[in-house]
Structures are given as C-alpha cells and as structure tokens.
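**Q** Just dropping this structure here.
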Amino acid sequence: MGTVGVSTDEVAGERRQLINVAYRLLGSVTEAEDAVQDAYARWYGMTRSRQEEILSPGAWLTTVTGRICLDLLGSARARRERYVGAWLPEPLPDRTEWDHAGGAGTTGLADPADQIVLDESVSMAFLVVLESMTPAERVAFVLYDVFRYPFAEISDVLGRTPAACKQLAASARRRVSVERAPVAATGEADVVKRVKEAWETKDIAALVGLLNPAAVMTADGGGMVGTVLRPVEGGARIAQYMVAIADKAPGLELLERSVNGVPGLVAQRAGVVMTVASFDVSDGRVTRIWAVRNPEKLRPWTRND
C-alpha cells in the first residue's frame, strides 16, 4: 500500500519524532532542525508518484534524517578539532519554567526545543557519553536502544547488515557502561540548590564540601566569550574558580532551572542568560559540571518578553 490517502498533515506530524531523534544524534538543536528540514525538503522535492511508491513516509523520513545526521557526525569531528576549547551539547530548557519563553505562543510555530522530550537520554551526562562513540555506533545505539527501531531499518540508515548494526549498538552499549550510564540521583535538586547558595555567598568551604574531590568542570565558550579552555579538575580548584567568577561578575543572578530534564543552574545578568550549568551528582556530591557559555548554544533560553 502506498501513500495514497496520507495527508500533508500526517507527513508533517512526523516532525516531532524526527527532531527528537536528530537532537540525540547531534547534540545540537540548530543542527537537528536543519537535518529535519533537509529531510522534508527531499520528501517534498519528489513527485507525487514517487511519494506514493513509499510504503511508510515516517520510516522514509527517519532513514533520510538518520543518513543526514550520520554525514554531519562525520564532518563534526573535523569541525570540533578547530573548535576553541571544549565542545558541549546544546542545553535544553524546560519551557514550563519560563513565563515569557518564545515559541508557539508568539509565532504560532513550535520552537524545535519545545518538541524534544526531556528524559535521561538527553541528560548532559548521557549526551557527553554519546560524543565518545563513532558516528555509526551513535546512530545504531540511539535508534535501537533509545527509540527501539529494528536493526532491519537501522541497516538502511547505515548501509550495513542488520547483524553489523547489532554489533555497533553492542559496542556503543559497552562505552555507556564504562562511562557510567546516567542514573537519576536521589537528592540531586537539593545538592544543586546548596551549590547555588554557596556560590551566591562565595563560600569556598561550603562549595568544597559539595564537590567530589575528583570533580571535573568543563566549560564551552566556543571562543565567543571568556572561559577556561581546558577542564578544571579537583573540587578545591573548581570552588575557587566559581568564586572568582562571582567576583568578576557583579549583578549575576543564579536561578534553579531544569537543564535537559535534570536540576541545573542558569546564570543571567540584566535578564540575559550568560551560562547554563548541568551537574552530575553521586553520593550527595557533584562529580561533574558542564557549563555552556557559547551564546549560539543558548538560543533556546532566550526569553521574548
């Protein structure tokens, strides 16, 4: 059975799923949107008779989006070698926490960030692990382990046999196991709140107590704003760095916000978001901090008053 009777709305209705897939594959809202737009352009660029030959438009769009993302992941490695400092995925807000956030309310069009389901597969900890995978491993793992696509369909994306795709997913799964899969930390919100309070009062001792001695902080400024270019290692050094930032930025306001579905902090100045920080918490202490400062990656956090 072809696509006869499948409405334009039905085809357009696949967009939410495609955005979710593409963001997990790329770690970038902007690139995910571009990939999905490209897939739709290819669909609407076909003749009606060609469209009618396709049994499942949704599967076709997923395959094409996956291939586009695979190509982007391959070229991204070269681009990130030229990136200034550390590269981190784009953080996602929970729009329910922003009274005047942009998106469907002002334009009638849903912002891509609004359509991404916030679960553990988009936590910063998880996305950073995905960055350690090869492009093929990442595609196989995300499509199978996260979205449960069958290997027969994944093979169309990767151009490999279903058995080979299964091996890629298994290899990726081992990487996740080694790096420690994301687990919802009990009391994480309380720890983040205490970090905020200690940071606001510039209490180094309190910060040191909340940070694991082996904690690591990674910041992403993309060369567009000032920040450390290499990870800061050690709870004491991170605490000192955080207080130094507070000293240099009078008027900085810290807000407790959901970042990629887990408790995080947003630093803003004069209403402008300057930094979005994600945390990994284990045994009541912060083990990792990911601070995104690159303005281009903070677009989803822009408030349209």
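Here's how to read the names in the structure tokens: chain A, B, ... by the order shown, residue numbers from 1 in each chain, ligand numbers from 1 in the order shown.
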Need the shell around Ser258 in chain A: protein/DNA/RNA residues with any atom at most 12 Å away, counting only C-alpha atoms. Skip same-chain ones fewer than 5 positions apart. Format as a list of chain:residue names?

**A**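 Final neighbour list, sorted by chain and number: A:Pro91, A:Leu92, A:Pro93, A:Asp94, A:Arg95, A:Thr96, A:Glu97, A:Trp98, A:Leu118, A:Asp119, A:Ser123, A:Met124, A:Glu188, A:Ala189, A:Val192, A:Lys193, A:Pro263, A:Gly264, A:Leu265, A:Val266, A:Val276, A:Ala277, A:Ser278, A:Phe279, A:Trp301.
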
**Q** Write the residues of the selection above to a file with C-alpha atoms, as a compact mmCIF listing (two decimals), in the first residue's frame.

**A**
# COMPACT_ATOMS: atom_id res chain seq x y z
CA PRO A 91 21.47 22.58 26.76
CA LEU A 92 17.68 22.37 26.70
CA PRO A 93 15.30 24.30 28.95
CA ASP A 94 12.01 23.10 30.36
CA ARG A 95 9.84 25.76 28.79
CA THR A 96 7.21 25.49 31.54
CA GLU A 97 9.71 27.28 33.80
CA TRP A 98 9.94 30.34 31.55
CA LEU A 118 13.18 15.58 28.20
CA ASP A 119 14.26 12.22 29.59
CA SER A 123 20.74 14.50 30.04
CA MET A 124 24.08 16.23 29.58
CA GLU A 188 20.12 15.98 43.22
CA ALA A 189 17.89 19.05 43.36
CA VAL A 192 22.22 21.85 43.27
CA LYS A 193 20.29 24.26 45.50
CA PRO A 263 18.21 20.06 38.10
CA GLY A 264 20.67 22.70 36.96
CA LEU A 265 21.57 26.36 37.32
CA VAL A 266 21.20 29.31 35.00
CA VAL A 276 23.70 27.24 31.72
CA ALA A 277 25.23 24.69 34.08
CA SER A 278 24.46 20.97 34.25
CA PHE A 279 25.51 18.73 37.12
CA TRP A 301 16.99 30.01 26.58

**Q** Give me the residues within 8 Å of Thr63 in chain A as a ChimeraX atom specification, counting only C-alpha atoms and dropping any in the same chain fewer than 3 places off.

**A** /A:59-60,66-67,153-154,156-157

**Q** Write out as a ChimeraX atom specification each polymer residue whose atoms come within 10 Å of Phe141 in chain A, counting only C-alpha atoms; drop sequence neighbours fewer than 3 positions from it.

**A** /A:25,130,133,135-138,144-149,154,165-173,176

**Q** Counting only C-alpha atoms, which residue out of A:Ala32, A:Leu252, A:Leu211, A:Val128 sits closest to Asp283 in chain A?

**A**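 Going through A:Ala32, A:Leu252, A:Leu211, A:Val128 one by one, the smallest distance to Asp283 in chain A is for A:Leu211.
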
**Q** Could you check which of A:Ala214, A:Leu70, A:Ala86, A:Ala22 is closest to Ile116 in chain A, using only C-alpha atoms?

**A**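 Comparing A:Ala214, A:Leu70, A:Ala86, A:Ala22 against Ile116 in chain A, the winner is A:Ala22.
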
**Q** Pick from A:Leu18, A:Val232, A:Ala291, A:Ala270: nearest to Pro250 in chain A, with only C-alpha atoms counted?

**A**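 Closest to Pro250 in chain A of all the choices is A:Ala270.
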
**Q** What is the CA of Glu200 in chain A-CA of Leu127 in chain A distance in Å, reported with one decimal?

**A**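 A separation of 28.5 Å between them.
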
**Q** Quick check, in Å to one decimal: how far apart do CA of Gly235 in chain A and CA of Ala215 in chain A lie?

**A**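 One can read the CA of Gly235 in chain A to CA of Ala215 in chain A distance as 5.3 Å.
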
**Q** From a backbone DSSP assignment, name each residue in range 253-293 of chain A labelled strand (DSSP E), as number ranges by chain.

**A** A: 253-259, 262-269, 272-282, 285-292

**Q** Restricting the calculation to only C-alpha atoms, which member of A:Glu31, A:Asp38, A:Glu90, A:Asp111 is positioned closest to Leu72 in chain A?

**A** A:Glu31

**Q** I need the residue nearest Ser75 in chain A from this list: A:Gln240, A:Thr30, A:Thr8, A:Thr134. Use only C-alpha atoms for the distance.

**A**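 Checking each candidate against Ser75 in chain A, we get A:Thr134 as the closest.
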
**Q** Identify, on the basis of only C-alpha atoms, every residue whose closest approach to Gly223 in chain A does not exceed 12 Å; exclude the query and any residue fewer than 5 positions from it along the same chain; express the result as a PyMOL selection string.

**A** chain A and resi 82-87+228-229+292-296

**Q** Would you output that residue set with all heavy atoms, as a CSV table (one decimal), in the first residue's frame?

**A**
chain,number,residue,atom,x,y,z
A,82,ARG,N,38.8,22.1,15.3
A,82,ARG,CA,39.1,23.5,15.2
A,82,ARG,C,38.3,24.4,16.2
A,82,ARG,O,38.5,25.6,16.2
A,82,ARG,CB,38.7,24.0,13.7
A,82,ARG,CG,39.5,23.2,12.6
A,82,ARG,CD,39.2,23.9,11.3
A,82,ARG,NE,37.8,23.8,10.9
A,82,ARG,CZ,37.3,22.9,10.2
A,82,ARG,NH1,38.0,21.8,9.8
A,82,ARG,NH2,36.0,22.9,9.8
A,83,TYR,N,37.4,23.8,16.9
A,83,TYR,CA,36.6,24.5,17.9
A,83,TYR,C,37.5,25.0,19.0
A,83,TYR,O,38.4,24.3,19.5
A,83,TYR,CB,35.6,23.5,18.5
A,83,TYR,CG,34.4,24.2,19.2
A,83,TYR,CD1,33.4,24.8,18.5
A,83,TYR,CD2,34.4,24.3,20.6
A,83,TYR,CE1,32.3,25.3,19.2
A,83,TYR,CE2,33.3,24.8,21.3
A,83,TYR,CZ,32.3,25.4,20.6
A,83,TYR,OH,31.2,26.0,21.2
A,84,VAL,N,37.2,26.2,19.5
A,84,VAL,CA,38.0,26.8,20.5
A,84,VAL,C,37.6,26.3,21.9
A,84,VAL,O,36.4,26.5,22.3
A,84,VAL,CB,37.9,28.4,20.5
A,84,VAL,CG1,38.7,29.0,21.6
A,84,VAL,CG2,38.4,28.9,19.2
A,85,GLY,N,38.4,25.6,22.6
A,85,GLY,CA,38.1,25.0,23.9
A,85,GLY,C,37.3,23.7,23.7
A,85,GLY,O,37.2,23.1,22.7
A,86,ALA,N,36.6,23.3,24.8
A,86,ALA,CA,35.8,22.1,24.8
A,86,ALA,C,34.5,22.4,24.1
A,86,ALA,O,33.9,23.4,24.2
A,86,ALA,CB,35.6,21.7,26.3
A,87,TRP,N,34.0,21.3,23.4
A,87,TRP,CA,32.7,21.4,22.8
A,87,TRP,C,31.7,20.6,23.6
A,87,TRP,O,31.9,19.4,24.0
A,87,TRP,CB,32.7,20.7,21.4
A,87,TRP,CG,31.4,20.9,20.6
A,87,TRP,CD1,31.2,21.9,19.7
A,87,TRP,CD2,30.3,20.0,20.7
A,87,TRP,NE1,29.9,21.7,19.2
A,87,TRP,CE2,29.3,20.6,19.8
A,87,TRP,CE3,29.9,18.9,21.4
A,87,TRP,CZ2,28.1,20.0,19.6
A,87,TRP,CZ3,28.7,18.3,21.2
A,87,TRP,CH2,27.8,18.9,20.3
A,228,VAL,N,37.4,29.1,30.7
A,228,VAL,CA,38.6,28.2,30.7
A,228,VAL,C,38.5,27.3,29.4
A,228,VAL,O,37.4,26.8,29.1
A,228,VAL,CB,38.6,27.3,32.0
A,228,VAL,CG1,39.1,28.2,33.2
A,228,VAL,CG2,37.3,26.6,32.2
A,229,LEU,N,39.6,27.1,28.8
A,229,LEU,CA,39.7,26.3,27.6
A,229,LEU,C,39.9,24.8,27.9
A,229,LEU,O,39.6,24.0,27.1
A,229,LEU,CB,40.8,26.8,26.7
A,229,LEU,CG,40.7,28.2,26.2
A,229,LEU,CD1,41.8,28.6,25.3
A,229,LEU,CD2,39.3,28.4,25.5
A,292,VAL,N,27.8,25.7,29.8
A,292,VAL,CA,27.7,26.2,28.4
A,292,VAL,C,27.6,27.7,28.4
A,292,VAL,O,26.6,28.2,29.0
A,292,VAL,CB,26.5,25.5,27.7
A,292,VAL,CG1,26.4,26.1,26.3
A,292,VAL,CG2,26.7,24.0,27.7
A,293,ARG,N,28.5,28.4,27.8
A,293,ARG,CA,28.5,29.8,27.8
A,293,ARG,C,28.5,30.4,26.3
A,293,ARG,O,28.3,31.6,26.1
A,293,ARG,CB,29.8,30.4,28.5
A,293,ARG,CG,29.9,30.0,29.9
A,293,ARG,CD,30.8,30.9,30.7
A,293,ARG,NE,30.2,32.2,30.8
A,293,ARG,CZ,30.8,33.4,30.5
A,293,ARG,NH1,32.0,33.4,30.0
A,293,ARG,NH2,30.1,34.5,30.6
A,294,ASN,N,28.7,29.5,25.4
A,294,ASN,CA,28.6,29.9,24.0
A,294,ASN,C,27.2,30.5,23.7
A,294,ASN,O,26.2,29.7,23.7
A,294,ASN,CB,28.9,28.7,23.1
A,294,ASN,CG,28.9,29.1,21.6
A,294,ASN,OD1,28.4,30.1,21.2
A,294,ASN,ND2,29.6,28.2,20.8
A,295,PRO,N,27.1,31.8,23.3
A,295,PRO,CA,25.8,32.4,23.1
A,295,PRO,C,24.9,31.7,22.0
A,295,PRO,O,23.7,31.6,22.1
A,295,PRO,CB,26.1,33.8,22.7
A,295,PRO,CG,27.5,34.0,23.2
A,295,PRO,CD,28.2,32.7,23.1
A,296,GLU,N,25.6,31.1,21.0
A,296,GLU,CA,24.9,30.4,20.0
A,296,GLU,C,24.2,29.2,20.5
A,296,GLU,O,23.2,28.8,19.9
A,296,GLU,CB,25.8,30.1,18.8
A,296,GLU,CG,26.4,31.3,18.1
A,296,GLU,CD,27.2,30.9,16.9
A,296,GLU,OE1,27.6,29.7,16.8
A,296,GLU,OE2,27.5,31.8,16.1

**Q** Would you mind listing what lies within 10 Å of Leu61 in chain A as a PyMOL selection string, with only C-alpha atoms counted and same-chain residues fewer than 3 positions away left out?

**A** chain A and resi 11+14-15+18+36+38-40+42-43+56-58+64-67

**Q** Between CA of Val272 in chain A and CA of Thr201 in chain A, what distance in Å does the model show, to one decimal?

**A**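 A separation of 21.3 Å between them.
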
**Q** Measuring between only C-alpha atoms, which one of A:Pro300, A:Val262, A:Ile54, A:Lys202 shows the shortest distance to Glu120 in chain A?

**A** A:Val262

**Q** Identify all residues of range 38-130 of chain A in alpha helix (DSSP H) (DSSP on the backbone) and supply them as a VMD selection string.

**A** chain A and resid 38 to 44 48 to 52 57 to 81 104 to 107 124 to 130
